Amino acid sequence: MNEAKTVLIIDDDADFVRALGHLLESAGYVVASASNGRDGLAQAKTVRPSLILLDVMMQDRTEGFFTLEQIRDVATLRATPVIVISSIYSDHPVFSVRPEAGWLPADLFLPKPVDPARLIAESARLTAPDYAGWEDTAKRSDLR
Amino acid sequence: MIDDDDVMLLSCRRILEKAGFETETFSNGHAGLARLEAVRPNLLLVDLKMPELNGLQVIERVRAIDPDIVIAVLTGYATIASAVEAMKAGAYDFLPKPFTPDELRLLVNRGWERWHLVAESARLRREKDEAERRFVTFVTHQLKSPVVAAKQYLDVLLFTASGDLSPQARDWLSRCRARLGEMLSLVDDWLTLSRVEGGTFCDRSATVDLREVADRVVDTIRPQADSATVTIRVHAAGGVPVCGDRNSVGTIVSNLVSNAVKYNRPGGSVDVSISSSGRLAVLDVEDTGIGIAAECLPSLFHEFLRIRTEETAAVPGTGLGLAICKQIVGELGGTIEVTSTKGVGTRFVVRIPTAEGSQTTAEGCGSTRKPA
C-alpha cells in the first residue's frame with residue numbers, strides 16, 4: 001500500500017470543507033484545507049498535495065479562478081490535478097462548463113453540492129499514476 | 001468653441017469666462033477636434049460654416065469620439081434646414097448669429113444642465129446594470145450556499161455512515177436531502193428564468209444540432225425513465241442545425257422530456273421526434289401520460305404554476321420549467337404549442353428557426369464565433 005495521498009480543499013465555507021474532508025478521509029486520503037486563495041496557494045506550495053479542490057466564489061466573486069492561475073505559475077504545482085467546485089455553473093442539468101485550453105487550466109469542474117460517489121471516483125482517477133494531466137486533456141479537447 | 005471668426009471667439013470667450021466657464025477657442029475644426037479628444041469638454045459650441053471641416057463634419061466626429069459631449073451650434077446662416085440637419089447630426093441646441101451675451105449665457109447654461117442630465121442618467125444606468133448583476137450573484141451565492149452546505153453534509157453522511165443509521169433515520173435524512181435538492185432546483189430555475197428574461201441566457205447567433213442535443217438530453221434522463229418504466233424513443237432522419245446555443249436548446253428539450261417522463265404512467269412511453277419543415281425545426285414531444293385537463297391548458301406556461309391533482313402530488317417540480325421553455329423559445333424566435341387529453345397523454349410541439357433558414361450565411365446564424 002502506498003503512502004496516503006493528500007487532498008487540499010480551498011473553500012471559505014467551513015461546513016463544506018468539513019463534509020468533504022470527512023468523505024475524503026473515509027476514503028483514505030489525508031486532508032488539508034484553506035479558507036481563501038492566498039492561504040490555499042501557500043499551503044499548496046508546502047503540502048504539495050496530490051489533488052486540490054478549489055472553490056470559485058470566496059471573498060471575491062472570481063477568487064478561485066485567480067488562485068488557479070497562481071497555482072499554475074508555480075513550477076512544482078503546474079501538473080497538480082485541480083477540481084474546480086462551484087455552484088455558479090450548475091445553471092443547466094445537462095451541460096456544464098468544461099475545462100478548456102486557454103480558458104481555465106483545471107482538470108475537472110464539479111457542481112456543488114458534490115455527489116460523494118463521483119468525487120471519490122474522480123479523485124482516484126486524477127491521482128492515479130496513469131492520469132495524463134490537464135494539459136493533455138486540454139490538448140485532446142482542442143482537437144475534437 | 002470652434003469658429004473661424006476670431007472676433008466672435010474672443011467676445012464669446014470673455015462672456016463665458018465671466019460666467020465662470022473654463023473656455024478654450026479654436027479657429028478651425030482640425031485643431032479643435034485634436035484638443036477635444038484630449039480634454040473631453042462638457043460642452044462644444046461650433047460654427048456651422050467654416051472652411052476645411054464644416055460644422056456638420058465636426059459634429060459627426062465629436063459624436064464618434066464621445067457621445068456624451070453636448071453640442072450647440074452657432075451660425076450666421078440660420079435656416080430651418082440647417083438647424084434640422086445639425087440636430088439630426090447630434091447637436092443639442094442652436095443659436096442664430098448675431099446673438100446677445102444673455103442669449104449665449106442662456107444657451108451655455110442649458111447645455112450645462114443637459115450635460116449633467118446625460119451624465120446622471122448614464123451613471124444610473126450603470127448602477128442599475130451593476131445592481132442586477134450583483135443581485136444574480138447574491139442569489140447564486142448567498143441563497144444557495146447554506147442549502148448547498150446542508151445538503152453536502154447529508155450526501156456525505158448517507159454515503160459514509162449508511163450502516164450506522166436506523167432505517168427511519170436514513171429515510172428521514174433522505175427526505176431532507178430531497179427537499180434541499182428541490183430548493184436548489186427552484187433557485188436555479190428562477191435564476192435561469194430571470195437570465196432568459198434579462199436577455200443574458202440565449203445566444204441566437206450560435207448554431208447547434210437539435211438532434212445531437214436531444215440525444216444527449218435523453219441519455220441523461222434515461223435512468224430516471226427506466227426506474228419509472230417509461231420508454232423514451234427518439235425519431236430523427238438526420239441532424240437539424242438550429243439557431244441557438246447548446247444551453248438554451250438543451251434546456252427546452254430537457255424540460256419537455258423530463259416532464260413527459262415525470263407525468264407519465266408505469267409502462268408508458270415518450271416519443272421525441274425531430275424534423276424540419278421549411279425554415280423551421282420541429283421538436284415534437286409526445287407522451288402517454290396522465291394528460292392535462294382542458295381548463296388548465298391556458299395557464300400552463302405561467303410562472304410557478306403547478307397543476308395539483310392526486311396524480312401530481314408526489315411529483316417534484318418547481319413550476320418554472322414550462323415558463324422557462326416558453327421564454328427561451330420566444331428568445332430564439334420560435335413557438336411552442338400544447339395539446340392534451342386528460343388520461344391519454346400530452347404533446348408539445350416546438351418550432352424554432354433552423355440555421356439554414358435564417359437570413360444569414362451558410363456558416364450558421366451570423367455568428368462571429370469560431371466554429372467549435
# chains A, B, ... in the order shown; residues from 1 in each chain; ligands from 1
call {"tool": "interface_residues", "arguments": {"of": "chain B", "to": "chain A", "cutoff": "6 Å", "atoms": "only C-alpha atoms", "output": "MDAnalysis selection string"}}
result
chainID B and resid 148:149 152:153
call {"tool": "residues_around", "arguments": {"residues": "A:Ser35", "least_positions_apart": "2", "cutoff": "8 Å", "atoms": "only C-alpha atoms", "output": "PDB file with C-alpha atoms, in the first residue's frame"}}
result
ATOM      1  CA  ILE A  10      -9.649  25.550  -0.679  1.00  0.00           C
ATOM      2  CA  ASP A  11     -13.087  26.851   0.252  1.00  0.00           C
ATOM      3  CA  ASP A  12     -14.361  29.597   2.560  1.00  0.00           C
ATOM      4  CA  ASP A  13     -17.366  27.550   3.725  1.00  0.00           C
ATOM      5  CA  ALA A  14     -16.178  25.659   6.807  1.00  0.00           C
ATOM      6  CA  SER A  33      -7.679  22.917   3.983  1.00  0.00           C
ATOM      7  CA  GLY A  37      -6.965  31.692  -2.182  1.00  0.00           C
ATOM      8  CA  ASP A  39      -3.601  30.648   2.180  1.00  0.00           C
ATOM      9  CA  GLY A  40      -4.532  27.937  -0.283  1.00  0.00           C
TER      10      GLY A  40
END
call {"tool": "select_by_dssp", "arguments": {"residues": "stretch 193-275 of chain B", "states": "strand (DSSP E or B)", "output": "VMD selection string"}}
result
chain B and resid 207 to 209 231 to 236 241 to 243 269 to 275
call {"tool": "write_last_selection", "arguments": {"atoms": "N, CA, C and O atoms", "output": "short mmCIF file (atom, residue, chain, number, x, y, z; two decimals), in the first residue's frame"}}
result
data_model
loop_
_atom_site.label_atom_id
_atom_site.label_comp_id
_atom_site.auth_asym_id
_atom_site.auth_seq_id
_atom_site.Cartn_x
_atom_site.Cartn_y
_atom_site.Cartn_z
N THR B 207 -25.03 28.19 -33.33
CA THR B 207 -25.72 27.12 -34.05
C THR B 207 -25.49 25.82 -33.31
O THR B 207 -24.38 25.57 -32.84
N VAL B 208 -26.53 25.02 -33.20
CA VAL B 208 -26.37 23.73 -32.53
C VAL B 208 -27.30 22.73 -33.21
O VAL B 208 -28.33 23.10 -33.77
N ASP B 209 -26.86 21.46 -33.20
CA ASP B 209 -27.68 20.42 -33.82
C ASP B 209 -28.74 19.95 -32.82
O ASP B 209 -28.41 19.36 -31.79
N THR B 231 -40.63 4.24 -21.49
CA THR B 231 -39.72 4.09 -22.63
C THR B 231 -39.60 5.41 -23.38
O THR B 231 -40.62 6.03 -23.70
N ILE B 232 -38.36 5.84 -23.67
CA ILE B 232 -38.18 7.05 -24.48
C ILE B 232 -37.64 6.63 -25.84
O ILE B 232 -36.66 5.89 -25.92
N ARG B 233 -38.28 7.11 -26.90
CA ARG B 233 -37.78 6.84 -28.25
C ARG B 233 -37.49 8.17 -28.94
O ARG B 233 -38.27 9.12 -28.82
N VAL B 234 -36.34 8.24 -29.62
CA VAL B 234 -36.00 9.46 -30.37
C VAL B 234 -36.10 9.15 -31.86
O VAL B 234 -35.55 8.15 -32.33
N HIS B 235 -36.88 9.94 -32.58
CA HIS B 235 -37.03 9.74 -34.02
C HIS B 235 -36.44 10.94 -34.74
O HIS B 235 -36.85 12.07 -34.50
N ALA B 236 -35.46 10.69 -35.61
CA ALA B 236 -34.88 11.77 -36.40
C ALA B 236 -34.22 11.18 -37.63
O ALA B 236 -33.56 10.15 -37.55
N PRO B 241 -29.62 21.45 -37.71
CA PRO B 241 -28.95 22.59 -37.07
C PRO B 241 -29.94 23.73 -36.86
O PRO B 241 -30.68 24.09 -37.77
N VAL B 242 -29.98 24.25 -35.64
CA VAL B 242 -30.89 25.36 -35.33
C VAL B 242 -30.11 26.54 -34.80
O VAL B 242 -28.96 26.41 -34.36
N CYS B 243 -30.75 27.71 -34.83
CA CYS B 243 -30.15 28.93 -34.30
C CYS B 243 -30.36 28.95 -32.79
O CYS B 243 -31.49 29.06 -32.33
N SER B 269 -44.86 5.60 -22.53
CA SER B 269 -43.76 5.93 -23.42
C SER B 269 -43.71 7.42 -23.74
O SER B 269 -44.68 8.15 -23.54
N VAL B 270 -42.54 7.83 -24.23
CA VAL B 270 -42.33 9.21 -24.66
C VAL B 270 -41.71 9.15 -26.05
O VAL B 270 -40.71 8.45 -26.25
N ASP B 271 -42.32 9.82 -27.02
CA ASP B 271 -41.75 9.86 -28.36
C ASP B 271 -41.24 11.26 -28.65
O ASP B 271 -41.99 12.23 -28.63
N VAL B 272 -39.94 11.35 -28.92
CA VAL B 272 -39.31 12.63 -29.22
C VAL B 272 -38.99 12.62 -30.72
O VAL B 272 -38.16 11.83 -31.16
N SER B 273 -39.66 13.46 -31.48
CA SER B 273 -39.43 13.48 -32.93
C SER B 273 -38.83 14.81 -33.33
O SER B 273 -39.29 15.87 -32.91
N ILE B 274 -37.79 14.71 -34.16
CA ILE B 274 -37.11 15.92 -34.63
C ILE B 274 -37.13 15.94 -36.14
O ILE B 274 -36.76 14.96 -36.79
N SER B 275 -37.59 17.05 -36.70
CA SER B 275 -37.64 17.14 -38.15
C SER B 275 -37.49 18.61 -38.52
O SER B 275 -37.39 19.47 -37.65
#
call {"tool": "residues_around", "arguments": {"residues": "A:Leu8", "least_positions_apart": "5", "cutoff": "9 Å", "atoms": "only C-alpha atoms", "output": "list in words"}}
result
Val30, Val31, Ala32, Ser33, Ala34, Gly40, Gln43, Ala44, Val47, Arg48, Pro49, Ser50, Leu51, Ile52, Leu53 and Leu54 of chain A
